[in-house]
>>> print(open('entry_23.csv').read())   # CSV, C-alpha atoms and all ligand atoms
chain,number,residue,atom,x,y,z
A,38,PRO,CA,0.0,0.0,0.0
A,39,LYS,CA,1.0,3.6,-0.6
A,40,ILE,CA,3.0,5.0,2.3
A,41,GLN,CA,0.7,8.0,2.9
A,42,ASN,CA,-2.2,5.6,3.3
A,43,LYS,CA,-0.4,3.8,6.1
A,44,ILE,CA,0.4,7.1,7.7
A,45,ALA,CA,-3.2,8.2,7.5
A,46,ALA,CA,-4.2,4.9,9.0
A,47,GLY,CA,-2.3,5.9,12.1
A,48,GLU,CA,-4.5,9.0,12.7
A,49,VAL,CA,-8.0,8.3,11.4
A,50,VAL,CA,-8.2,4.6,12.2
A,51,GLU,CA,-5.8,4.3,15.1
A,52,ARG,CA,-7.7,1.4,16.7
A,53,PRO,CA,-10.6,-1.1,16.0
A,54,SER,CA,-13.1,1.1,17.7
A,55,SER,CA,-12.2,4.1,15.5
A,56,VAL,CA,-12.8,1.8,12.4
A,57,VAL,CA,-16.2,0.9,13.8
A,58,LYS,CA,-17.0,4.6,14.3
A,59,GLU,CA,-15.9,5.6,10.8
A,60,LEU,CA,-17.9,2.8,9.2
A,61,ILE,CA,-21.1,3.6,11.1
A,62,GLU,CA,-20.7,7.3,10.2
A,63,ASN,CA,-20.6,6.3,6.5
A,64,SER,CA,-23.8,4.3,7.0
A,65,LEU,CA,-25.5,7.3,8.6
A,66,ASP,CA,-24.3,9.6,5.9
A,67,ALA,CA,-25.9,7.1,3.4
A,68,ASN,CA,-29.2,7.6,5.2
A,69,ALA,CA,-29.4,4.2,6.7
A,70,ASP,CA,-32.0,3.7,9.5
A,71,GLU,CA,-30.9,0.2,10.3
A,72,ILE,CA,-27.3,-0.6,11.2
A,73,GLU,CA,-26.1,-3.9,12.3
A,74,VAL,CA,-22.6,-4.4,13.7
A,75,PHE,CA,-20.9,-7.8,14.1
A,76,ILE,CA,-17.6,-7.9,16.0
A,77,GLU,CA,-15.4,-10.9,16.5
A,78,GLU,CA,-12.4,-10.9,18.8
A,79,SER,CA,-12.7,-7.2,19.5
A,80,GLY,CA,-12.6,-6.3,15.9
A,81,MET,CA,-9.2,-8.0,15.3
A,82,LYS,CA,-10.8,-10.9,13.5
A,83,LEU,CA,-13.9,-9.2,12.0
A,84,ILE,CA,-15.7,-5.9,11.9
A,85,ARG,CA,-18.8,-6.2,9.8
A,86,ILE,CA,-21.4,-3.4,9.3
A,87,VAL,CA,-24.6,-4.1,7.4
A,88,ASP,CA,-26.8,-1.1,6.6
A,89,ASN,CA,-29.9,-0.4,4.6
A,90,GLY,CA,-28.6,3.0,3.2
A,91,ASP,CA,-28.4,4.4,-0.3
A,92,GLY,CA,-25.6,2.0,-1.3
A,93,ILE,CA,-22.6,2.6,-3.5
A,94,HIS,CA,-22.9,2.7,-7.3
A,95,GLN,CA,-21.1,-0.1,-9.2
A,96,THR,CA,-18.9,2.5,-11.0
A,97,ASP,CA,-17.8,4.1,-7.7
A,98,ALA,CA,-17.2,0.8,-5.8
A,99,PRO,CA,-13.7,0.0,-7.3
A,100,LEU,CA,-12.5,3.5,-6.3
A,101,LEU,CA,-13.7,3.3,-2.7
A,102,PHE,CA,-10.3,2.7,-1.2
A,103,GLN,CA,-8.5,5.5,-2.9
A,104,ARG,CA,-7.5,8.4,-0.9
A,105,HIS,CA,-9.8,11.4,-1.0
A,106,ALA,CA,-12.4,9.4,-2.8
A,107,THR,CA,-15.3,11.2,-1.1
A,108,SER,CA,-18.7,11.9,-2.6
A,109,LYS,CA,-19.6,14.3,0.2
A,110,ILE,CA,-17.8,17.5,-0.5
A,111,GLY,CA,-17.8,19.7,-3.6
A,112,ASP,CA,-15.3,22.5,-3.0
A,113,ASP,CA,-13.3,24.1,-0.2
A,114,TYR,CA,-16.3,26.3,0.7
A,115,ASP,CA,-18.2,23.2,1.8
A,116,LEU,CA,-15.7,22.6,4.6
A,117,PHE,CA,-17.4,25.4,6.6
A,118,GLN,CA,-20.9,24.0,6.1
A,119,ILE,CA,-20.4,20.4,7.0
A,120,ARG,CA,-23.6,18.4,7.6
A,121,SER,CA,-22.4,15.0,6.7
A,122,LEU,CA,-20.3,13.1,9.3
A,123,GLY,CA,-17.5,12.2,6.9
A,124,PHE,CA,-16.0,14.6,4.4
A,125,ARG,CA,-12.3,13.9,4.0
A,126,GLY,CA,-12.4,10.7,2.1
A,127,GLU,CA,-9.7,9.2,4.3
A,128,ALA,CA,-11.3,6.5,6.3
A,129,LEU,CA,-11.8,3.8,3.8
A,130,ALA,CA,-8.4,4.4,2.1
A,131,SER,CA,-6.8,4.1,5.5
A,132,ILE,CA,-8.7,1.0,6.5
A,133,GLY,CA,-8.2,-0.6,3.2
A,134,ALA,CA,-4.4,-0.2,3.4
A,135,VAL,CA,-4.2,-2.2,6.7
A,136,ALA,CA,-6.9,-4.9,6.4
A,137,LYS,CA,-8.7,-7.3,4.1
A,138,VAL,CA,-12.0,-5.9,3.0
A,139,LYS,CA,-15.1,-7.2,1.4
A,140,VAL,CA,-17.9,-4.9,0.3
A,141,GLU,CA,-21.3,-6.0,-1.0
A,142,THR,CA,-23.4,-3.1,-2.0
A,143,LYS,CA,-26.4,-2.1,-4.1
A,144,HIS,CA,-27.0,1.5,-5.0
A,145,LEU,CA,-30.6,2.8,-5.3
A,146,ASP,CA,-30.1,3.3,-9.0
A,147,GLY,CA,-27.4,0.6,-9.6
A,148,GLU,CA,-26.6,-3.0,-9.9
A,149,PRO,CA,-25.5,-5.1,-6.9
A,150,VAL,CA,-21.7,-5.6,-6.7
A,151,THR,CA,-19.2,-7.4,-4.6
A,152,ILE,CA,-15.6,-6.3,-4.3
A,153,ARG,CA,-12.6,-7.5,-2.3
A,154,PHE,CA,-9.5,-5.5,-1.3
A,155,GLU,CA,-6.4,-6.6,0.4
A,156,GLY,CA,-3.8,-4.2,1.7
A,157,GLY,CA,-5.4,-1.5,-0.5
A,158,GLU,CA,-5.4,-3.5,-3.7
A,159,LEU,CA,-8.5,-4.5,-5.7
A,160,LYS,CA,-8.5,-8.3,-5.6
A,161,GLU,CA,-11.9,-9.2,-7.0
A,162,GLN,CA,-15.0,-7.5,-8.4
A,163,GLY,CA,-18.2,-9.3,-9.4
A,164,PRO,CA,-21.9,-9.4,-9.1
A,165,GLY,CA,-23.5,-9.1,-5.7
A,166,LYS,CA,-26.7,-9.9,-3.8
A,167,GLU,CA,-30.0,-8.1,-4.6
A,168,ARG,CA,-30.1,-6.3,-1.3
A,169,GLN,CA,-30.5,-2.5,-0.9
A,170,GLY,CA,-27.6,-1.0,1.1
A,171,THR,CA,-24.1,-1.8,2.0
A,172,ASP,CA,-22.5,-4.8,3.8
A,173,ILE,CA,-18.8,-4.2,4.6
A,174,SER,CA,-16.5,-6.7,6.3
A,175,ILE,CA,-13.1,-5.8,7.6
A,176,SER,CA,-11.1,-8.8,8.5
A,177,GLU,CA,-7.6,-9.1,10.0
A,178,LEU,CA,-7.3,-5.5,10.8
A,179,PHE,CA,-3.7,-4.2,10.9
A,180,PHE,CA,-2.5,-7.6,9.5
A,181,ASN,CA,0.4,-5.9,7.8
A,182,THR,CA,1.4,-3.6,10.6
A,183,PRO,CA,3.0,-3.9,14.1
A,184,ALA,CA,0.0,-2.3,15.6
A,185,ARG,CA,-1.9,-5.6,15.4
A,186,LEU,CA,0.1,-7.1,18.2
A,187,LYS,CA,-0.8,-4.2,20.5
A,188,TYR,CA,-4.5,-4.6,20.1
A,189,VAL,CA,-4.5,-8.4,20.2
A,190,ARG,CA,-3.0,-7.9,23.7
A,191,SER,CA,-5.7,-5.6,24.9
A,192,MET,CA,-8.9,-7.1,23.4
A,193,ARG,CA,-11.1,-6.6,26.4
A,194,THR,CA,-10.4,-2.8,26.6
A,195,GLU,CA,-11.1,-2.6,22.9
A,196,SER,CA,-14.5,-4.3,23.2
A,197,GLY,CA,-15.4,-1.8,25.8
A,198,LYS,CA,-14.5,1.0,23.5
A,199,ILE,CA,-16.6,-0.4,20.7
A,200,ILE,CA,-19.6,-0.8,22.9
A,201,ASP,CA,-19.1,2.8,24.2
A,202,ILE,CA,-18.9,4.4,20.8
A,203,ILE,CA,-22.0,2.5,19.5
A,204,GLN,CA,-24.0,3.4,22.6
A,205,ARG,CA,-23.1,7.1,22.0
A,206,MET,CA,-24.1,7.0,18.4
A,207,ALA,CA,-27.4,5.2,19.2
A,208,LEU,CA,-28.1,8.0,21.7
A,209,ALA,CA,-27.4,10.6,19.1
A,210,TYR,CA,-29.6,8.9,16.5
A,211,PRO,CA,-32.8,7.7,18.2
A,212,GLY,CA,-34.3,7.4,14.7
A,213,VAL,CA,-31.8,4.8,13.7
A,214,SER,CA,-32.0,1.2,14.8
A,215,PHE,CA,-28.6,-0.2,16.0
A,216,ARG,CA,-27.8,-3.8,16.7
A,217,LEU,CA,-24.4,-4.8,18.1
A,218,THR,CA,-23.4,-8.5,18.2
A,219,LEU,CA,-20.1,-9.2,19.9
A,220,ASP,CA,-18.6,-12.7,19.4
A,221,HIS,CA,-22.1,-14.0,18.4
A,222,SER,CA,-23.9,-12.6,21.4
A,223,GLU,CA,-26.2,-9.6,21.2
A,224,LYS,CA,-24.9,-6.7,23.3
A,225,LEU,CA,-27.2,-3.8,22.2
A,226,TYR,CA,-30.4,-3.3,20.3
A,227,THR,CA,-32.3,0.0,19.7
A,228,LYS,CA,-35.6,0.1,17.8
A,229,GLY,CA,-34.9,3.3,15.9
A,230,ASN,CA,-38.4,4.7,16.5
A,231,GLY,CA,-37.2,8.1,17.4
A,232,ASN,CA,-38.0,7.9,21.1
A,233,LEU,CA,-34.8,9.0,22.9
A,234,LYS,CA,-36.1,7.9,26.3
A,235,GLU,CA,-36.5,4.3,25.0
A,236,VAL,CA,-32.9,4.4,23.7
A,237,ILE,CA,-31.8,5.6,27.2
A,238,SER,CA,-33.7,2.6,28.6
A,239,ASP,CA,-32.1,0.2,26.1
A,240,ILE,CA,-28.6,1.4,27.1
A,241,TYR,CA,-28.8,2.3,30.7
A,242,GLY,CA,-31.8,0.3,31.8
A,243,LEU,CA,-35.4,1.1,32.6
A,244,ASN,CA,-34.7,2.4,36.1
A,245,ILE,CA,-32.5,5.2,34.9
A,246,ALA,CA,-34.7,6.0,31.9
A,247,ARG,CA,-37.6,6.4,34.3
A,248,HIS,CA,-35.8,9.2,36.1
A,249,ALA,CA,-34.8,11.1,33.0
A,250,VAL,CA,-36.0,14.7,32.9
A,251,ARG,CA,-36.4,16.6,29.6
A,252,ILE,CA,-33.9,19.4,28.8
A,253,GLU,CA,-34.9,22.1,26.4
A,254,ALA,CA,-33.4,25.5,25.8
A,255,GLN,CA,-32.9,27.8,22.9
A,256,ASP,CA,-31.4,31.1,22.0
A,257,ALA,CA,-30.6,32.8,18.7
A,258,ASP,CA,-27.8,30.5,17.9
A,259,PHE,CA,-28.3,27.2,19.7
A,260,ARG,CA,-31.1,24.7,20.4
A,261,ILE,CA,-30.4,22.3,23.2
A,262,THR,CA,-32.5,19.1,23.7
A,263,GLY,CA,-32.1,15.9,25.6
A,264,TYR,CA,-32.4,14.3,29.1
A,265,ALA,CA,-30.7,14.6,32.4
A,266,ILE,CA,-31.0,11.9,35.0
A,267,ARG,CA,-31.7,12.6,38.7
A,268,PRO,CA,-29.1,12.1,41.4
A,269,GLU,CA,-30.5,9.1,43.2
A,270,VAL,CA,-29.5,6.8,40.4
A,271,ASN,CA,-26.3,8.6,39.5
A,272,ARG,CA,-23.0,7.1,38.5
A,273,SER,CA,-19.7,8.2,39.9
A,274,ASN,CA,-17.7,9.3,36.9
A,275,ARG,CA,-18.0,11.4,33.8
A,276,ASN,CA,-18.4,8.7,31.2
A,277,TYR,CA,-22.1,9.2,31.2
A,278,ILE,CA,-22.0,12.6,29.7
A,279,ASN,CA,-23.2,12.1,26.1
A,280,LEU,CA,-22.9,15.2,23.9
A,281,SER,CA,-23.6,15.7,20.3
A,282,VAL,CA,-23.6,18.6,17.9
A,283,ASN,CA,-26.1,18.3,15.1
A,284,GLN,CA,-26.1,14.6,16.1
A,285,ARG,CA,-22.3,14.2,15.7
A,286,HIS,CA,-21.0,12.7,18.9
A,287,ILE,CA,-18.4,15.0,20.4
A,288,ARG,CA,-16.2,15.5,23.4
A,289,ASN,CA,-15.5,18.9,24.9
A,290,PHE,CA,-14.0,19.4,28.3
A,291,ARG,CA,-15.6,22.9,28.9
A,292,LEU,CA,-19.1,21.8,28.0
A,293,SER,CA,-18.8,18.7,30.3
A,294,GLN,CA,-17.6,21.0,33.0
A,295,SER,CA,-20.6,23.2,32.6
A,296,ILE,CA,-22.9,20.2,33.0
A,297,ILE,CA,-21.0,19.0,36.1
A,298,ASN,CA,-21.3,22.6,37.5
A,299,ALA,CA,-25.1,22.6,37.0
A,300,TYR,CA,-25.3,19.3,38.8
A,301,HIS,CA,-23.0,20.4,41.6
A,302,THR,CA,-24.9,23.6,42.4
A,303,LEU,CA,-27.9,21.3,43.2
A,304,LEU,CA,-26.5,18.0,44.2
A,305,ALA,CA,-23.7,16.5,46.3
A,306,LYS,CA,-20.3,17.1,44.8
A,307,GLU,CA,-19.5,13.4,44.4
A,308,LYS,CA,-22.4,12.8,42.1
A,309,TYR,CA,-21.7,12.9,38.4
A,310,PRO,CA,-24.2,13.5,35.7
A,311,ILE,CA,-25.9,11.1,33.3
A,312,VAL,CA,-27.0,13.3,30.4
A,313,VAL,CA,-27.8,12.8,26.8
A,314,ILE,CA,-27.8,16.2,25.0
A,315,ASP,CA,-27.8,17.3,21.4
A,316,MET,CA,-26.9,20.8,20.5
A,317,GLU,CA,-28.3,22.1,17.2
A,318,MET,CA,-26.5,25.0,15.5
A,319,ASP,CA,-25.5,26.4,12.2
A,320,PRO,CA,-22.5,24.3,11.1
A,321,LYS,CA,-20.6,27.6,10.6
A,322,ILE,CA,-20.3,28.0,14.3
A,323,VAL,CA,-18.6,24.6,14.6
A,324,ASP,CA,-15.1,23.7,13.6
A,325,VAL,CA,-14.9,19.9,13.3
A,326,ASN,CA,-11.6,20.0,11.4
A,327,VAL,CA,-9.5,20.1,14.6
A,328,HIS,CA,-8.7,16.4,14.6
A,329,PRO,CA,-9.0,13.8,11.9
A,330,ALA,CA,-11.3,11.7,14.1
A,331,LYS,CA,-13.6,14.7,14.3
A,332,ILE,CA,-14.5,14.1,18.0
A,333,GLU,CA,-12.9,17.2,19.4
A,334,VAL,CA,-14.7,20.3,18.2
A,335,ARG,CA,-14.4,24.1,18.7
A,336,PHE,CA,-17.1,26.7,18.7
A,337,SER,CA,-17.0,30.3,17.7
A,338,LYS,CA,-19.5,31.2,20.4
A,339,GLU,CA,-18.3,28.9,23.1
A,340,LYS,CA,-19.1,31.2,26.1
A,341,GLU,CA,-22.7,31.6,25.1
A,342,LEU,CA,-23.1,27.9,24.5
A,343,ASN,CA,-21.6,27.0,27.9
A,344,GLY,CA,-23.9,29.5,29.6
A,345,LEU,CA,-27.0,28.2,27.8
A,346,LEU,CA,-26.1,24.6,28.5
A,347,GLU,CA,-25.5,25.1,32.2
A,348,SER,CA,-28.7,26.9,32.8
A,349,ALA,CA,-30.7,24.4,30.7
A,350,VAL,CA,-29.4,21.5,32.8
A,351,ARG,CA,-29.9,23.3,36.1
A,352,THR,CA,-33.4,24.4,35.2
A,353,SER,CA,-34.6,21.0,34.4
A,354,LEU,CA,-33.0,19.4,37.4
A,355,LYS,CA,-34.5,22.0,39.7
A,356,ASP,CA,-38.0,21.6,38.2
A,357,GLU,CA,-37.8,17.9,38.9
A,358,MET,CA,-36.7,18.4,42.5
A,359,LEU,CA,-39.6,20.7,43.3
A,401,LIG,P1,-15.9,10.2,3.6
A,401,LIG,O1,-16.9,9.6,4.6
A,401,LIG,O2,-15.0,11.2,4.3
A,401,LIG,O3,-16.5,10.7,2.3
A,401,LIG,P2,-14.8,7.5,3.5
A,401,LIG,O4,-13.5,7.0,3.2
A,401,LIG,O5,-15.4,7.2,4.9
A,401,LIG,O6,-14.8,9.1,3.2
A,401,LIG,O7,-15.8,6.9,2.4
A,401,LIG,C1,-15.6,7.2,1.1
A,401,LIG,C2,-16.9,7.2,0.2
A,401,LIG,O8,-17.4,5.9,0.1
A,401,LIG,C3,-18.0,8.0,0.8
A,401,LIG,O9,-17.9,9.4,0.5
A,401,LIG,C4,-19.2,7.4,0.2
A,401,LIG,O10,-19.5,7.9,-1.0
A,401,LIG,C5,-18.8,5.9,0.1
A,401,LIG,N1,-19.3,5.0,1.2
A,401,LIG,C6,-18.6,4.5,2.2
A,401,LIG,N2,-19.4,3.7,3.0
A,401,LIG,C7,-20.6,3.8,2.5
A,401,LIG,C8,-21.9,3.2,2.9
A,401,LIG,N3,-22.0,2.4,4.0
A,401,LIG,N4,-23.0,3.5,2.1
A,401,LIG,C9,-22.9,4.3,1.0
A,401,LIG,N5,-21.7,4.9,0.6
A,401,LIG,C10,-20.6,4.6,1.3
A,402,MG,MG,-16.5,8.4,6.2
>>> encode(input="entry_23.csv", output="structure tokens", more="lines below")
Ligand code: ADP
Ligand code: MG
Amino acid sequence: PKIQNKIAAGEVVERPSSVVKELIENSLDANADEIEVFIEESGMKLIRIVDNGDGIHQTDAPLLFQRHATSKIGDDYDLFQIRSLGFRGEALASIGAVAKVKVETKHLDGEPVTIRFEGGELKEQGPGKERQGTDISISELFFNTPARLKYVRSMRTESGKIIDIIQRMALAYPGVSFRLTLDHSEKLYTKGNGNLKEVISDIYGLNIARHAVRIEAQDADFRITGYAIRPEVNRSNRNYINLSVNQRHIRNFRLSQSIINAYHTLLAKEKYPIVVIDMEMDPKIVDVNVHPAKIEVRFSKEKELNGLLESAVRTSLKDEML
């Protein structure tokens, strides 16, 4: 494989869980509303994603693993108006360079095709199954790199990370049904009927979902929606803060701190929040181009957003406690 693809693999797809994330983002970008994920041996043996999205046209399929083969962005201007989750055309090229890949896909207006790649090279191309959507299998990830050994050694940690990222995506997309099967046993299922409280129940259990209070706030730039869970059933670390911007799962230290502050003005200091919050805003306010994995984001009106978020969480917790 080309050297720059191996380099890119180090940043975009640094580990099995980041491969899973990139592939699910592609399914979401293709408008899938059913996504099934099959993982074997923490993704080191198999990562398979089956979606019912728009599919890939047979003429595009052989180009899939080329660098910057993206269908999502027209010109530089688009970079400031990003709606789709992917836009760099790096993920598949990076993954293809370090794994064995099989894609079965049928585009809405195309013929079903099957293609196989190995270490970034097209090995086989032929007819596929008559099934709308894309079925992509990544086997023997990192088979041609030293990184493989590292993840083979830490498989349990990696399974945990895969579960975590899928849970966060399911919470950000209550309208999409997710199923996760780990080593042949089902670990997560969400119906995809759009009911966020049900997703919270599917992931954290009925007891927590029952205590979820609605969060809603809006100003000229931001609309914040979601749920906060009351203290009695709280957990004791910050892993239960689920944040998304325009449904893109993000991490942001300051925003998490604002939420923790809101909890701590009302509750004991050792209690940490469980929240599921989406923040809608004009994509121009967000810079997602900070890191290739697109999880760290910056905002041009960060102070305003922090203030709105803190007061929204505090208000809904307070209402519930009255
Ligand atoms: P990006 O998402 O940044 O465009 P990727 O390397 O992740 O780049 O994907 C390359 C292209 O392959 C996408 O732009 C899209 O056209 C196509 N593609 C990948 N996965 C799917 C999928 N599950 N369904 C439909 N198209 C897909
Ligand atoms: Mg992508």
>>> closest_residue(input="entry_23.csv", among="A:Glu78, A:Glu158, A:Glu347, A:Asp172", to="ligand LIG 401 (chain A)", atoms="all atoms listed in the file")
A:Asp172
>>> atom_distance(input="entry_23.csv", atom1="atom N4 of ligand LIG 401 (chain A)", atom2="atom CA of Gly163 of chain A")
17.9 Å
>>> residues_around(input="entry_23.csv", residues="Asn298 of chain A", least_positions_apart="2", cutoff="10 Å", atoms="only C-alpha atoms", output="ChimeraX atom specification")
/A:292-296,300-304,306,309-310,347-348,350-351
>>> residues_near_ligand(input="entry_23.csv", ligand="ligand MG 402 (chain A)", cutoff="6 Å", atoms="only C-alpha atoms and all ligand atoms", output="list in words")
Glu59, Glu62, Asn63, Gly123 and Ala128 of chain A
>>> write_last_selection(input="entry_23.csv", atoms="C-alpha atoms", output="compact mmCIF listing (two decimals), keeping the file's coordinate frame")
# COMPACT_ATOMS: atom_id res chain seq x y z
CA GLU A 59 -15.90 5.60 10.80
CA GLU A 62 -20.70 7.30 10.20
CA ASN A 63 -20.60 6.30 6.50
CA GLY A 123 -17.50 12.20 6.90
CA ALA A 128 -11.30 6.50 6.30
>>> atom_distance(input="entry_23.csv", atom1="atom CA of Thr194 of chain A", atom2="atom CA of Asp220 of chain A")
14.7 Å
>>> closest_residue(input="entry_23.csv", among="A:Val50, A:Ala265, A:Ile332, A:Val323", to="Thr352 of chain A", atoms="all atoms listed in the file")
A:Ala265
>>> closest_residue(input="entry_23.csv", among="A:Ile76, A:Ala134, A:Ile173, A:Ala184", to="ligand LIG 401 (chain A)", atoms="all atoms listed in the file")
A:Ile173
>>> atom_distance(input="entry_23.csv", atom1="atom CA of Arg52 of chain A", atom2="atom CA of Ile132 of chain A")
10.3 Å
>>> residues_around(input="entry_23.csv", residues="Gly90 of chain A", least_positions_apart="2", cutoff="12 Å", atoms="all atoms listed in the file", output="PyMOL selection string")
chain A and resi 61-73+86-88+92-94+142-145+168-172+213
>>> closest_residue(input="entry_23.csv", among="A:Arg335, A:Lys58, A:Arg288, A:Lys321", to="ligand LIG 401 (chain A)", atoms="only C-alpha atoms and all ligand atoms")
A:Lys58
